[in-house]
Structure formats: structure tokens, C-alpha cells
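> Just data_26.pdb, nothing more (PDB, C-alpha atoms):
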ATOM      1  CA  MET A 200      27.335  -2.431  -7.748
ATOM      2  CA  PHE A 201      27.849  -4.982  -4.972
ATOM      3  CA  THR A 202      29.970  -2.556  -2.954
ATOM      4  CA  ILE A 203      26.742  -0.664  -2.268
ATOM      5  CA  LEU A 204      25.344  -3.716  -0.473
ATOM      6  CA  LEU A 205      28.473  -3.912   1.658
ATOM      7  CA  ASN A 206      27.631  -0.552   3.207
ATOM      8  CA  SER A 207      26.028  -1.243   6.588
ATOM      9  CA  ASN A 208      23.709   1.785   6.375
ATOM     10  CA  THR A 209      22.479   0.638   2.946
ATOM     11  CA  GLN A 210      21.810  -2.823   4.336
ATOM     12  CA  TRP A 211      19.743  -1.351   7.162
ATOM     13  CA  VAL A 212      17.791   0.885   4.767
ATOM     14  CA  LEU A 213      17.144  -2.054   2.415
ATOM     15  CA  PHE A 214      15.942  -4.203   5.293
ATOM     16  CA  SER A 215      13.669  -1.473   6.658
ATOM     17  CA  THR A 216      12.077  -0.700   3.268
ATOM     18  CA  MET A 217      11.546  -4.428   2.721
ATOM     19  CA  ILE A 218       9.762  -4.724   6.084
ATOM     20  CA  PHE A 219       7.784  -1.573   5.299
ATOM     21  CA  GLY A 220       6.826  -3.048   1.909
ATOM     22  CA  ILE A 221       5.559  -6.164   3.717
ATOM     23  CA  ALA A 222       3.514  -3.969   6.082
ATOM     24  CA  ALA A 223       2.137  -1.905   3.172
ATOM     25  CA  GLY A 224       1.226  -5.031   1.188
ATOM     26  CA  THR A 225      -0.489  -6.526   4.228
ATOM     27  CA  MET A 226      -2.425  -3.375   5.054
ATOM     28  CA  GLY A 227      -3.217  -2.799   1.386
ATOM     29  CA  CYS A 228      -5.265  -6.019   1.328
ATOM     30  CA  LEU A 229      -7.489  -4.687   4.105
ATOM     31  CA  ALA A 230      -7.968  -1.413   2.219
ATOM     32  CA  TYR A 231      -8.695  -3.382  -0.986
ATOM     33  CA  TRP A 232     -11.483  -5.440   0.571
ATOM     34  CA  LYS A 233     -12.861  -2.431   2.430
ATOM     35  CA  ARG A 234     -12.969  -0.684  -0.980
ATOM     36  CA  GLN A 235     -10.961   2.251   0.363
ATOM     37  CA  SER A 236      -7.877   2.190  -1.841
ATOM     38  CA  LEU A 237      -8.332   5.898  -2.572
ATOM     39  CA  MET A 238      -8.413   6.560   1.185
ATOM     40  CA  SER A 239      -4.726   5.626   1.446
ATOM     41  CA  ASP A 240      -3.885   8.170  -1.261
ATOM     42  CA  ALA A 241      -5.945  10.883   0.438
ATOM     43  CA  LEU A 242      -4.394  10.271   3.861
ATOM     44  CA  ALA A 243      -0.877  10.162   2.409
ATOM     45  CA  HIS A 244      -1.339  13.629   0.916
ATOM     46  CA  ALA A 245      -3.072  14.814   4.093
ATOM     47  CA  ALA A 246       0.028  13.843   6.104
ATOM     48  CA  LEU A 247       2.312  16.382   4.387
ATOM     49  CA  PRO A 248       1.189  19.495   6.343
ATOM     50  CA  GLY A 249       1.836  17.638   9.607
ATOM     51  CA  VAL A 250       5.377  16.793   8.525
ATOM     52  CA  VAL A 251       6.207  20.432   7.743
ATOM     53  CA  ILE A 252       4.485  21.827  10.853
ATOM     54  CA  ALA A 253       6.388  19.331  13.047
ATOM     55  CA  PHE A 254       9.641  20.528  11.461
ATOM     56  CA  LEU A 255       8.712  24.176  12.043
ATOM     57  CA  LEU A 256       7.867  23.541  15.708
ATOM     58  CA  LEU A 257      10.959  21.455  16.423
ATOM     59  CA  GLY A 258      13.388  23.416  14.248
ATOM     60  CA  GLU A 259      15.162  20.261  13.093
ATOM     61  CA  LYS A 260      14.498  17.088  11.142
ATOM     62  CA  ASN A 261      13.465  14.321  13.555
ATOM     63  CA  LEU A 262      11.607  11.443  11.906
ATOM     64  CA  PHE A 263       9.786  10.292  15.049
ATOM     65  CA  VAL A 264       8.396  13.783  15.738
ATOM     66  CA  MET A 265       7.519  14.189  12.060
ATOM     67  CA  ILE A 266       5.666  10.864  12.129
ATOM     68  CA  ILE A 267       3.611  12.149  15.057
ATOM     69  CA  GLY A 268       2.851  15.363  13.153
ATOM     70  CA  ALA A 269       1.996  13.408   9.986
ATOM     71  CA  SER A 270      -0.256  11.061  11.969
ATOM     72  CA  ILE A 271      -2.189  13.918  13.549
ATOM     73  CA  SER A 272      -2.591  15.632  10.173
ATOM     74  CA  ALA A 273      -3.700  12.392   8.450
ATOM     75  CA  LEU A 274      -6.192  11.584  11.236
ATOM     76  CA  ILE A 275      -7.653  15.086  10.918
ATOM     77  CA  GLY A 276      -7.969  14.438   7.191
ATOM     78  CA  ALA A 277      -9.722  11.109   7.875
ATOM     79  CA  SER A 278     -12.109  12.850  10.295
ATOM     80  CA  PHE A 279     -12.932  15.486   7.669
ATOM     81  CA  ILE A 280     -13.648  12.767   5.090
ATOM     82  CA  GLU A 281     -15.995  10.959   7.482
ATOM     83  CA  TRP A 282     -17.715  14.222   8.495
ATOM     84  CA  ILE A 283     -18.243  15.319   4.873
ATOM     85  CA  ARG A 284     -19.530  11.856   3.929
ATOM     86  CA  SER A 285     -21.979  11.583   6.841
ATOM     87  CA  SER A 286     -23.152  15.194   7.070
ATOM     88  CA  THR A 287     -23.553  16.151   3.427
ATOM     89  CA  ARG A 288     -24.751  14.651   0.153
ATOM     90  CA  ILE A 289     -21.159  14.478  -1.088
ATOM     91  CA  SER A 290     -20.013  10.916  -1.849
ATOM     92  CA  ALA A 291     -17.048   9.319  -0.082
ATOM     93  CA  ASP A 292     -14.742   9.354  -3.125
ATOM     94  CA  THR A 293     -15.481  13.047  -3.738
ATOM     95  CA  ALA A 294     -14.773  13.823  -0.074
ATOM     96  CA  MET A 295     -11.452  11.963  -0.343
ATOM     97  CA  GLY A 296     -10.526  13.934  -3.448
ATOM     98  CA  MET A 297     -11.346  17.229  -1.718
ATOM     99  CA  VAL A 298      -9.314  16.432   1.397
ATOM    100  CA  LEU A 299      -6.417  15.150  -0.718
ATOM    101  CA  SER A 300      -6.240  18.366  -2.743
ATOM    102  CA  ILE A 301      -6.740  20.789   0.148
ATOM    103  CA  PHE A 302      -4.251  19.184   2.529
ATOM    104  CA  PHE A 303      -1.621  18.595  -0.142
ATOM    105  CA  GLY A 304      -1.956  22.195  -1.327
ATOM    106  CA  LEU A 305      -1.494  23.362   2.271
ATOM    107  CA  GLY A 306       1.535  21.111   2.659
ATOM    108  CA  ILE A 307       3.192  22.426  -0.515
ATOM    109  CA  MET A 308       2.524  26.006   0.615
ATOM    110  CA  LEU A 309       4.147  25.373   4.008
ATOM    111  CA  LEU A 310       7.043  23.544   2.341
ATOM    112  CA  THR A 311       7.648  26.566   0.103
ATOM    113  CA  VAL A 312       7.696  28.825   3.158
ATOM    114  CA  VAL A 313      10.234  26.555   4.899
ATOM    115  CA  ASN A 314      12.484  26.386   1.822
ATOM    116  CA  ARG A 315      12.603  30.190   1.627
ATOM    117  CA  THR A 316      13.841  30.548   5.195
ATOM    118  CA  SER A 317      17.540  30.621   5.950
ATOM    119  CA  GLY A 318      18.836  27.074   5.741
ATOM    120  CA  GLY A 319      15.375  25.794   4.886
ATOM    121  CA  ASN A 320      16.434  24.409   1.528
ATOM    122  CA  GLN A 321      18.917  22.180   3.351
ATOM    123  CA  SER A 322      16.213  20.749   5.613
ATOM    124  CA  GLY A 323      15.694  17.723   3.354
ATOM    125  CA  LEU A 324      11.908  18.004   3.525
ATOM    126  CA  ASP A 325      11.696  17.755  -0.265
ATOM    127  CA  SER A 326      12.522  14.065   0.105
ATOM    128  CA  PHE A 327       9.052  13.570   1.578
ATOM    129  CA  ILE A 328       7.507  14.333  -1.841
ATOM    130  CA  PHE A 329       9.023  11.475  -3.867
ATOM    131  CA  GLY A 330      10.925   9.647  -1.131
ATOM    132  CA  GLN A 331      14.658   9.344  -0.542
ATOM    133  CA  ALA A 332      15.648   6.314   1.521
ATOM    134  CA  ALA A 333      19.339   7.146   1.157
ATOM    135  CA  SER A 334      18.834  10.233   3.340
ATOM    136  CA  MET A 335      17.649   8.116   6.265
ATOM    137  CA  VAL A 336      19.945   7.795   9.259
ATOM    138  CA  ARG A 337      20.095   4.870  11.702
ATOM    139  CA  SER A 338      17.490   6.366  14.072
ATOM    140  CA  ASP A 339      15.085   6.884  11.139
ATOM    141  CA  VAL A 340      15.561   3.281  10.059
ATOM    142  CA  THR A 341      14.974   1.979  13.592
ATOM    143  CA  THR A 342      11.781   4.011  13.981
ATOM    144  CA  MET A 343      10.464   2.844  10.620
ATOM    145  CA  LEU A 344      11.375  -0.771  11.339
ATOM    146  CA  ILE A 345       9.705  -0.924  14.769
ATOM    147  CA  LEU A 346       6.456   0.668  13.589
ATOM    148  CA  ALA A 347       6.296  -1.484  10.433
ATOM    149  CA  LEU A 348       6.749  -4.661  12.500
ATOM    150  CA  ALA A 349       4.015  -3.413  14.871
ATOM    151  CA  VAL A 350       1.596  -2.996  11.931
ATOM    152  CA  ILE A 351       2.338  -6.520  10.646
ATOM    153  CA  LEU A 352       1.915  -7.972  14.139
ATOM    154  CA  ILE A 353      -1.438  -6.235  14.734
ATOM    155  CA  VAL A 354      -2.846  -7.373  11.373
ATOM    156  CA  PHE A 355      -1.989 -11.029  12.037
ATOM    157  CA  ILE A 356      -3.026 -11.034  15.714
ATOM    158  CA  VAL A 357      -6.491  -9.720  14.814
ATOM    159  CA  PHE A 358      -6.689 -11.705  11.553
ATOM    160  CA  LYS A 359      -9.963 -13.534  12.336
ATOM    161  CA  GLU A 360     -11.626 -10.293  13.420
ATOM    162  CA  TRP A 361     -10.460  -8.546  10.233
ATOM    163  CA  LYS A 362     -11.960 -11.312   8.116
ATOM    164  CA  ILE A 363     -15.379 -11.074   9.765
ATOM    165  CA  TYR A 364     -15.269  -7.255   9.886
ATOM    166  CA  LEU A 365     -14.446  -6.892   6.177
ATOM    167  CA  PHE A 366     -16.700  -9.568   4.680
ATOM    168  CA  ASP A 367     -19.735  -9.569   6.994
ATOM    169  CA  PRO A 368     -19.966  -6.510   9.289
ATOM    170  CA  GLU A 369     -23.498  -7.381  10.448
ATOM    171  CA  PHE A 370     -22.418 -10.875  11.481
ATOM    172  CA  ALA A 371     -19.436  -9.330  13.286
ATOM    173  CA  LYS A 372     -21.794  -6.995  15.114
ATOM    174  CA  GLY A 373     -23.975  -9.953  16.087
ATOM    175  CA  LEU A 374     -20.940 -11.702  17.560
ATOM    176  CA  GLY A 375     -20.351  -8.681  19.788
ATOM    177  CA  LEU A 376     -17.473  -7.239  17.791
ATOM    178  CA  SER A 377     -17.456  -3.445  18.043
ATOM    179  CA  LEU A 378     -17.534  -2.007  14.522
ATOM    180  CA  LYS A 379     -16.608   1.405  15.914
ATOM    181  CA  TRP A 380     -13.528  -0.078  17.582
ATOM    182  CA  MET A 381     -12.575  -1.985  14.430
ATOM    183  CA  ASN A 382     -13.021   1.133  12.290
ATOM    184  CA  GLY A 383     -10.818   3.076  14.679
ATOM    185  CA  LEU A 384      -8.150   0.350  14.678
ATOM    186  CA  TYR A 385      -8.276   0.108  10.879
ATOM    187  CA  THR A 386      -7.849   3.868  10.433
ATOM    188  CA  THR A 387      -5.044   3.996  13.017
ATOM    189  CA  ILE A 388      -2.913   1.274  11.439
ATOM    190  CA  LEU A 389      -3.635   2.580   7.924
ATOM    191  CA  VAL A 390      -2.382   6.023   8.974
ATOM    192  CA  THR A 391       0.608   4.434  10.749
ATOM    193  CA  THR A 392       1.526   2.468   7.627
ATOM    194  CA  ILE A 393       1.332   5.605   5.510
ATOM    195  CA  VAL A 394       3.302   7.942   7.754
ATOM    196  CA  ILE A 395       6.190   5.543   8.457
ATOM    197  CA  GLY A 396       6.882   5.209   4.745
ATOM    198  CA  ILE A 397       6.579   8.789   3.526
ATOM    199  CA  GLN A 398      10.315   9.489   3.795
ATOM    200  CA  ALA A 399      11.235   6.327   1.899
ATOM    201  CA  VAL A 400       8.464   6.338  -0.737
ATOM    202  CA  GLY A 401       7.065   9.892  -0.623
ATOM    203  CA  VAL A 402       3.541  11.190  -0.048
ATOM    204  CA  ILE A 403       2.683  11.135  -3.766
ATOM    205  CA  LEU A 404       3.606   7.513  -4.447
ATOM    206  CA  ILE A 405       3.090   5.755  -1.133
ATOM    207  CA  ALA A 406      -0.495   4.862  -2.032
ATOM    208  CA  ALA A 407       0.858   2.818  -4.942
ATOM    209  CA  LEU A 408       2.703   0.531  -2.515
ATOM    210  CA  LEU A 409      -0.564  -0.031  -0.653
ATOM    211  CA  ILE A 410      -2.660  -0.599  -3.780
ATOM    212  CA  ILE A 411      -0.497  -2.375  -6.390
ATOM    213  CA  PRO A 412       0.727  -5.408  -4.351
ATOM    214  CA  SER A 413      -2.802  -6.230  -3.149
ATOM    215  CA  VAL A 414      -4.256  -5.956  -6.665
ATOM    216  CA  SER A 415      -1.402  -8.098  -7.991
ATOM    217  CA  ALA A 416      -2.006 -10.747  -5.325
ATOM    218  CA  ARG A 417      -5.660 -10.980  -6.359
ATOM    219  CA  TYR A 418      -4.560 -12.581  -9.642
ATOM    220  CA  TRP A 419      -2.955 -15.501  -7.817
ATOM    221  CA  THR A 420      -5.529 -16.652  -5.278
ATOM    222  CA  GLN A 421      -9.142 -16.553  -4.108
ATOM    223  CA  SER A 422      -8.144 -17.048  -0.480
ATOM    224  CA  PHE A 423      -8.030 -13.956   1.747
ATOM    225  CA  GLN A 424      -5.212 -15.382   3.884
ATOM    226  CA  ARG A 425      -3.072 -16.317   0.887
ATOM    227  CA  MET A 426      -3.784 -12.971  -0.724
ATOM    228  CA  ILE A 427      -2.364 -11.166   2.322
ATOM    229  CA  ILE A 428       0.774 -13.344   2.259
ATOM    230  CA  ILE A 429       1.333 -12.883  -1.491
ATOM    231  CA  SER A 430       0.669  -9.138  -1.262
ATOM    232  CA  ALA A 431       3.157  -8.888   1.615
ATOM    233  CA  LEU A 432       5.799 -10.722  -0.452
ATOM    234  CA  PHE A 433       5.193  -8.457  -3.454
ATOM    235  CA  GLY A 434       5.367  -5.353  -1.263
ATOM    236  CA  GLY A 435       8.578  -6.515   0.399
ATOM    237  CA  ALA A 436      10.201  -7.313  -2.957
ATOM    238  CA  ALA A 437       9.190  -3.925  -4.384
ATOM    239  CA  GLY A 438      10.552  -2.101  -1.334
ATOM    240  CA  ALA A 439      13.890  -3.930  -1.332
ATOM    241  CA  PHE A 440      14.618  -3.944  -5.074
ATOM    242  CA  GLY A 441      13.337  -0.386  -5.596
ATOM    243  CA  THR A 442      15.573   0.895  -2.811
ATOM    244  CA  PHE A 443      18.552  -1.006  -4.188
ATOM    245  CA  ILE A 444      18.085   0.483  -7.674
ATOM    246  CA  SER A 445      17.743   4.016  -6.274
ATOM    247  CA  ALA A 446      20.952   3.492  -4.262
ATOM    248  CA  LEU A 447      22.880   2.907  -7.493
ATOM    249  CA  GLY A 448      22.629   6.584  -8.458
ATOM    250  CA  ARG A 449      23.357   9.785  -6.592
ATOM    251  CA  GLY A 450      20.212  11.543  -5.417
ATOM    252  CA  TRP A 451      17.815   9.145  -7.171
ATOM    253  CA  PRO A 452      14.373   9.261  -5.473
ATOM    254  CA  THR A 453      13.359   5.943  -3.981
ATOM    255  CA  GLY A 454       9.600   6.126  -4.435
ATOM    256  CA  PRO A 455       9.477   5.975  -8.259
ATOM    257  CA  PHE A 456      11.779   2.939  -8.400
ATOM    258  CA  ILE A 457       9.742   1.089  -5.762
ATOM    259  CA  VAL A 458       6.570   1.796  -7.753
ATOM    260  CA  ILE A 459       8.246   0.632 -11.003
ATOM    261  CA  VAL A 460       9.228  -2.690  -9.397
ATOM    262  CA  ALA A 461       5.706  -3.069  -7.953
ATOM    263  CA  SER A 462       4.247  -2.300 -11.393
ATOM    264  CA  ALA A 463       6.477  -4.952 -12.990
ATOM    265  CA  LEU A 464       5.127  -7.496 -10.494
ATOM    266  CA  PHE A 465       1.595  -6.366 -11.339
ATOM    267  CA  PHE A 466       2.043  -6.921 -15.077
ATOM    268  CA  LEU A 467       3.603 -10.309 -14.328
ATOM    269  CA  SER A 468       0.514 -11.167 -12.280
ATOM    270  CA  LEU A 469      -1.835  -9.709 -14.890
ATOM    271  CA  PHE A 470      -0.550 -12.093 -17.555
ATOM    272  CA  PHE A 471       0.528 -15.164 -15.586
ATOM    273  CA  GLY A 472      -1.626 -15.128 -12.427
ATOM    274  CA  LYS A 473      -3.188 -18.559 -12.008
ATOM    275  CA  GLU A 474      -6.631 -17.238 -10.999
ATOM    276  CA  LYS A 475      -7.359 -14.346 -13.354
ATOM    277  CA  GLY A 476      -4.224 -13.954 -15.461
ATOM    278  CA  ILE A 477      -4.813 -13.092 -19.127
ATOM    279  CA  LEU A 478      -2.643 -15.950 -20.411
ATOM    280  CA  VAL A 479      -4.190 -18.472 -18.020
ATOM    281  CA  LYS A 480      -7.723 -17.400 -18.953
ATOM    282  CA  TYR A 481      -6.823 -17.669 -22.646
ATOM    283  CA  LEU A 482      -5.449 -21.197 -22.188
ATOM    284  CA  GLN A 483      -8.494 -22.210 -20.139
ATOM    285  CA  LEU A 484     -10.849 -20.864 -22.808
ATOM    286  CA  LYS A 485      -8.904 -22.663 -25.508
ATOM    287  CA  MET A 486      -9.041 -25.914 -23.507
ATOM    288  CA  GLN A 487     -12.802 -25.534 -22.975
ATOM    289  CA  LYS A 488     -13.369 -25.035 -26.711
ATOM    290  CA  ARG A 489     -11.261 -28.091 -27.424
ATOM    291  CA  LEU A 490     -13.265 -30.196 -24.957
ATOM    292  CA  VAL A 491     -16.543 -28.944 -26.449
ATOM    293  CA  ASN A 492     -15.333 -29.927 -29.930
ATOM    294  CA  ILE A 493     -14.308 -33.385 -28.685
ATOM    295  CA  HIS A 494     -17.685 -33.965 -27.001
ATOM    296  CA  THR A 495     -19.534 -32.701 -30.076
ATOM    297  CA  SER A 496     -17.562 -35.054 -32.333
ATOM    298  CA  LYS A 497     -18.288 -38.002 -30.030
ATOM    299  CA  ALA A 498     -21.995 -37.181 -29.991
ATOM    300  CA  LEU A 499     -22.127 -36.973 -33.776
ATOM    301  CA  ARG A 500     -20.309 -40.303 -34.137
ATOM    302  CA  THR A 501     -22.735 -41.938 -31.712
ATOM    303  CA  LYS A 502     -25.708 -40.765 -33.785
ATOM    304  CA  GLY A 503     -24.058 -42.026 -36.919
ATOM    305  CA  VAL A 504     -23.885 -38.584 -38.510
ATOM    306  CA  GLU A 505     -20.144 -38.703 -39.081
TER     307      GLU A 505
END
Before we go any further, please render this structure as C-alpha cells.

Amino acid sequence: MFTILLNSNTQWVLFSTMIFGIAAGTMGCLAYWKRQSLMSDALAHAALPGVVIAFLLLGEKNLFVMIIGASISALIGASFIEWIRSSTRISADTAMGMVLSIFFGLGIMLLTVVNRTSGGNQSGLDSFIFGQAASMVRSDVTTMLILALAVILIVFIVFKEWKIYLFDPEFAKGLGLSLKWMNGLYTTILVTTIVIGIQAVGVILIAALLIIPSVSARYWTQSFQRMIIISALFGGAAGAFGTFISALGRGWPTGPFIVIVASALFFLSLFFGKEKGILVKYLQLKMQKRLVNIHTSKALRTKGVE
């Protein structure tokens, strides 16, 4: 088991997925408070056609070029969602569901076409469905690492602006903060976070790494800043441990194991989280009942009833 960790490529992959998990957990908090968790799922599925088209145009698997293709495809999907929401009576969540289905269907169709060409089934594009970190080479890891660090850096540099933008947009507008610029920046880094992780986690499950750590962190704190830090730690742990488990077997997809680890952290938070955990709430309720009984007994003794 430990010989796997001695492999330098495995160490690099583990480190990169950990950093990506931190970026996903950080960005997931912004999506959580913007109430756009489903948007990450829609854009992840919308990125698949761009990945396949980039491969068809280049004729080889190059992660950086595929990230560009995925980004363009996801941004087109985001534009369609906004256009449908603003120009029709269709609600935002319905628009997201439509774009998710249409783009993912197109991506699967193109993927089928590629796999039927000569040598297409050896292209490795199937790893973008459920994720396969083991198939990443050093250049893929470097690309993923640089972009993930850029996402983390941007979120923390503009932290005060994010806080105002998410919790009081009108106040932000009054301060001279451009909501259009902030919306554009938010969409750009959300898309970046999604596309850099699709090879490691897969387009189907990448939304889970954006959603689950942030929801888990909510059970531990009421502070926005602490929530981002806790979510980042949960995301990093899920990325690292999920990748390590998938590396133990031959051809095991990385995405499902990362999601399983993230889910384990969620259930831990659900029961033991100090703010809203089930066990903590139960103990608090029990303590309140005990205090009420004590006060009631004291009051009765004072009145001479007892």
C-alpha cells in the first residue's frame, strides 16, 4: 500500500487533487451562498462537448487545450442559461436542467463518434466521465495545479468584495462595486474550477466536490470566513484520500472515491457539527429541558407547593 505513495507521479497527482479539492471547496461556498449549487452541475455537464471537440480539432489528448475547449463550452452553456432565464418565463433551475441535459447528450454523442474512429477507443476520453487521476501525466498535473492555485488566490484576494456581493448586492452597488463585473468574475472562476477537475473527478461527479464540502462546513460554523476555510479543508481531504484509494486498484475511477470520502465527511458533520449537528442539537434540547425542569422545581419550592 505504501509503495504507491513512494511513486513520484502518484505523489504529484495526490498533491494536485488535494489542491483542486481546496479550490472546489472554496468556490463551492460562493455557489452555496449565491444559491447556484445546481449551476455547477449544469456547467460541468456542459463542458463535455468542448472536451471532445478540442480533441477532434487537435487530434491528440492535451489537457490544456481540452480545458480551453471545456471552458468555452461551459461558458456557452452559462450564457444559454442566463438567456433562457431572462428572456422567457422558464425558471433558472429549469433552464439549468435543460442545458445540462442537452449539452451532456451532445457530449456523449460526440464521444461515441470519437470512440468508433480508428484508435479512438484508446484516446482516454472516457476518463472524463467518472474521472481517472491515474491517467494524468506530469504536464496535466502542472496545468491543474497552477489553475487551482489561481482560483484559490482570486477568491481570497477579493474576499471582502465577495462577502458584500453575495450577502447585500444593493449595498455593493451603492459602494460602486460593479455587479456585472462580479457576476462575470464569479462565472469565470466557477467554470475554471469545474474544467480543471473534470479529468480527475469526471463531469458527472465534479459538482459533488463543489456542493458537499460547503454543505458540510455549514454544520460547523456561522461565520462565512470560517465556512470557506472548513469547506476548503474538507475538499482537500476528499481529493487526497479519494485519489489515494483509487490508486490502490487498477483502473479504479477517481471521482466516485472522492465523492465517497466527501460524503463520509458530510455525515460526520451532519451528526457532530457544533452548529447544526443532529447529536449536538439533541444534547442542547435535552439540556434545555433539564434546565426548565430545574427552574420549575425551584419555583414550586419557593411557592411552598412542593
> For Gly227 (chain A), which residue out of A:Ile345, A:Ala406, A:Leu464, A:Ile395 is the nearest one, using all atoms listed in the file?
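Of all the options, A:Ala406 lies closest to Gly227 (chain A).
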> Ranking A:Phe219, A:Phe366, A:Trp211, A:Phe254 by minimum distance to Phe423 (chain A) and counting all atoms listed in the file, which one comes first?
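Closest candidate: A:Phe366.
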> Give me, please, the distance in Å between CA of Arg417 (chain A) and CA of Leu374 (chain A), quoted to one decimal.
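Separation of CA of Arg417 (chain A) and CA of Leu374 (chain A): 28.4 Å.
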> May I have a table of the residues of region 379-491 of chain A lying at most 12 Å from region 277-299 of chain A, giving each one's closest pair of atoms and their distance in Å to one decimal, counting all atoms listed in the file, ordered by chain and ascending residue number, as a tab-separated table?

residue	atom	partner	partner_atom	distance
A:Asn382	CA	A:Glu281	CA	11.3
A:Gly383	CA	A:Ala277	CA	10.6
A:Tyr385	CA	A:Ala277	CA	11.5
A:Thr386	CA	A:Ala277	CA	7.9
A:Thr387	CA	A:Ala277	CA	9.9
A:Leu389	CA	A:Ala277	CA	10.5
A:Val390	CA	A:Ala277	CA	9.0
A:Val402	CA	A:Leu299	CA	10.7
A:Ile403	CA	A:Leu299	CA	10.4
A:Ala406	CA	A:Leu299	CA	11.9
> For CA of Gln210 (chain A) and CA of Leu247 (chain A), quote the distance in Å rounded to one decimal.
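Pair CA of Gln210 (chain A) / CA of Leu247 (chain A) returns 27.4 Å.
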> Once the PyMOL selection byres ((chain A and resi 391-393) around 8) is applied to the coordinates I shared, what remains selected? I want it as a PyMOL selection string.
chain A and resi 219+222-223+226+239+242-243+270+346-347+350+387-390+394-397+405-406
> Have a look at CA of Leu378 (chain A) and CA of Ile221 (chain A) and let me know their distance in Å, one decimal.
25.8 Å
> Please provide as a list in words all residues within 7 Å of Phe303 (chain A), with the sequence filter that same-chain residues fewer than 3 positions apart are discarded (counting only C-alpha atoms).
His244, Ala245, Leu247, Leu299, Ser300, Gly306 and Ile307 of chain A
> From the options A:Phe465, A:Phe263, A:Phe443, A:Phe456, which residue's atoms come nearest to Thr342 (chain A), counting all atoms listed in the file?
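Among the listed residues, A:Phe263 lies closest to Thr342 (chain A).
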> If I wrap all listed atoms of region 245-263 of chain A in a box with edges along x, y and z and add 6 Å on each side, what are its centre and edge lengths in Å to one decimal, as JSON?

{"center_x": 6.0, "center_y": 17.2, "center_z": 10.3, "size_x": 30.2, "size_y": 25.9, "size_z": 24.3}
> With the file shown as input, list the residues that the PyMOL selection byres ((chain A and resi 248) around 10) selects, as a ChimeraX atom specification.
/A:244-247,249-254,268-269,271-273,302-310
> With the file shown as input, list the residues that the PyMOL selection byres ((chain A and resi 440) around 12) selects, as an mmCIF file with C-alpha atoms, keeping the file's coordinate frame.

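Listed below is the output, expr_36.cif:
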data_model
loop_
_atom_site.group_PDB
_atom_site.id
_atom_site.type_symbol
_atom_site.label_atom_id
_atom_site.label_comp_id
_atom_site.auth_asym_id
_atom_site.auth_seq_id
_atom_site.Cartn_x
_atom_site.Cartn_y
_atom_site.Cartn_z
ATOM 1 C CA LEU A 204 25.344 -3.716 -0.473
ATOM 2 C CA GLN A 210 21.810 -2.823 4.336
ATOM 3 C CA VAL A 212 17.791 0.885 4.767
ATOM 4 C CA LEU A 213 17.144 -2.054 2.415
ATOM 5 C CA PHE A 214 15.942 -4.203 5.293
ATOM 6 C CA THR A 216 12.077 -0.700 3.268
ATOM 7 C CA MET A 217 11.546 -4.428 2.721
ATOM 8 C CA GLY A 220 6.826 -3.048 1.909
ATOM 9 C CA PHE A 433 5.193 -8.457 -3.454
ATOM 10 C CA GLY A 434 5.367 -5.353 -1.263
ATOM 11 C CA GLY A 435 8.578 -6.515 0.399
ATOM 12 C CA ALA A 436 10.201 -7.313 -2.957
ATOM 13 C CA ALA A 437 9.190 -3.925 -4.384
ATOM 14 C CA GLY A 438 10.552 -2.101 -1.334
ATOM 15 C CA ALA A 439 13.890 -3.930 -1.332
ATOM 16 C CA GLY A 441 13.337 -0.386 -5.596
ATOM 17 C CA THR A 442 15.573 0.895 -2.811
ATOM 18 C CA PHE A 443 18.552 -1.006 -4.188
ATOM 19 C CA ILE A 444 18.085 0.483 -7.674
ATOM 20 C CA SER A 445 17.743 4.016 -6.274
ATOM 21 C CA ALA A 446 20.952 3.492 -4.262
ATOM 22 C CA LEU A 447 22.880 2.907 -7.493
ATOM 23 C CA THR A 453 13.359 5.943 -3.981
ATOM 24 C CA GLY A 454 9.600 6.126 -4.435
ATOM 25 C CA PRO A 455 9.477 5.975 -8.259
ATOM 26 C CA PHE A 456 11.779 2.939 -8.400
ATOM 27 C CA ILE A 457 9.742 1.089 -5.762
ATOM 28 C CA VAL A 458 6.570 1.796 -7.753
ATOM 29 C CA ILE A 459 8.246 0.632 -11.003
ATOM 30 C CA VAL A 460 9.228 -2.690 -9.397
ATOM 31 C CA ALA A 461 5.706 -3.069 -7.953
ATOM 32 C CA ALA A 463 6.477 -4.952 -12.990
ATOM 33 C CA LEU A 464 5.127 -7.496 -10.494
#
> Measuring atom to atom with only C-alpha atoms, identify which of A:Leu274, A:Cys228, A:Leu257, A:Leu324 is nearest to Thr311 (chain A).
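When distances to Thr311 (chain A) are compared using only C-alpha atoms, the smallest one comes from A:Leu324.
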> If we count only C-alpha atoms, what is near Met381 (chain A) at a cut-off of 10 Å, once residues fewer than 5 positions away on the same chain are taken out, given as a list in words?
Val357, Glu360, Trp361, Tyr364, Leu365, Leu376, Thr386 and Thr387 of chain A
> Could you give me, as a list in words, the residues that sit within 6 Å of (22.2, 11.7, -1.3) in the file's coordinates, counting only C-alpha atoms?
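Within 6 Å of (22.2, 11.7, -1.3), the protein and nucleic acid residues are Ala333, Ser334, Arg449 and Gly450 of chain A.
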> Give the answer as one residue: which of A:Ser430, A:Thr225, A:Gly448, A:Leu255 has the shortest atom-to-atom distance to Thr316 (chain A), using all atoms listed in the file?
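Closest to Thr316 (chain A), using all atoms listed in the file: A:Leu255.
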> Rank A:Pro412, A:Gly401, A:Gly276, A:Pro368 by their smallest atom-to-atom distance to Phe466 (chain A), using all atoms listed in the file, and report the top residue only.
A:Pro412
> Do a neighbour search on region 418-422 of chain A at 12 Å with only C-alpha atoms, toss out local chain neighbours closer than 4 positions, and write the hits as a list in words.
Cys228, Lys362, Ile411, Pro412, Ser413, Val414, Met426, Ile427, Ile428, Ile429, Ser430, Phe433, Leu464, Phe465, Phe466, Leu467, Ser468, Leu469, Phe470, Phe471, Gly472, Lys473, Glu474, Lys475, Gly476, Ile477, Leu478, Val479 and Lys480 of chain A
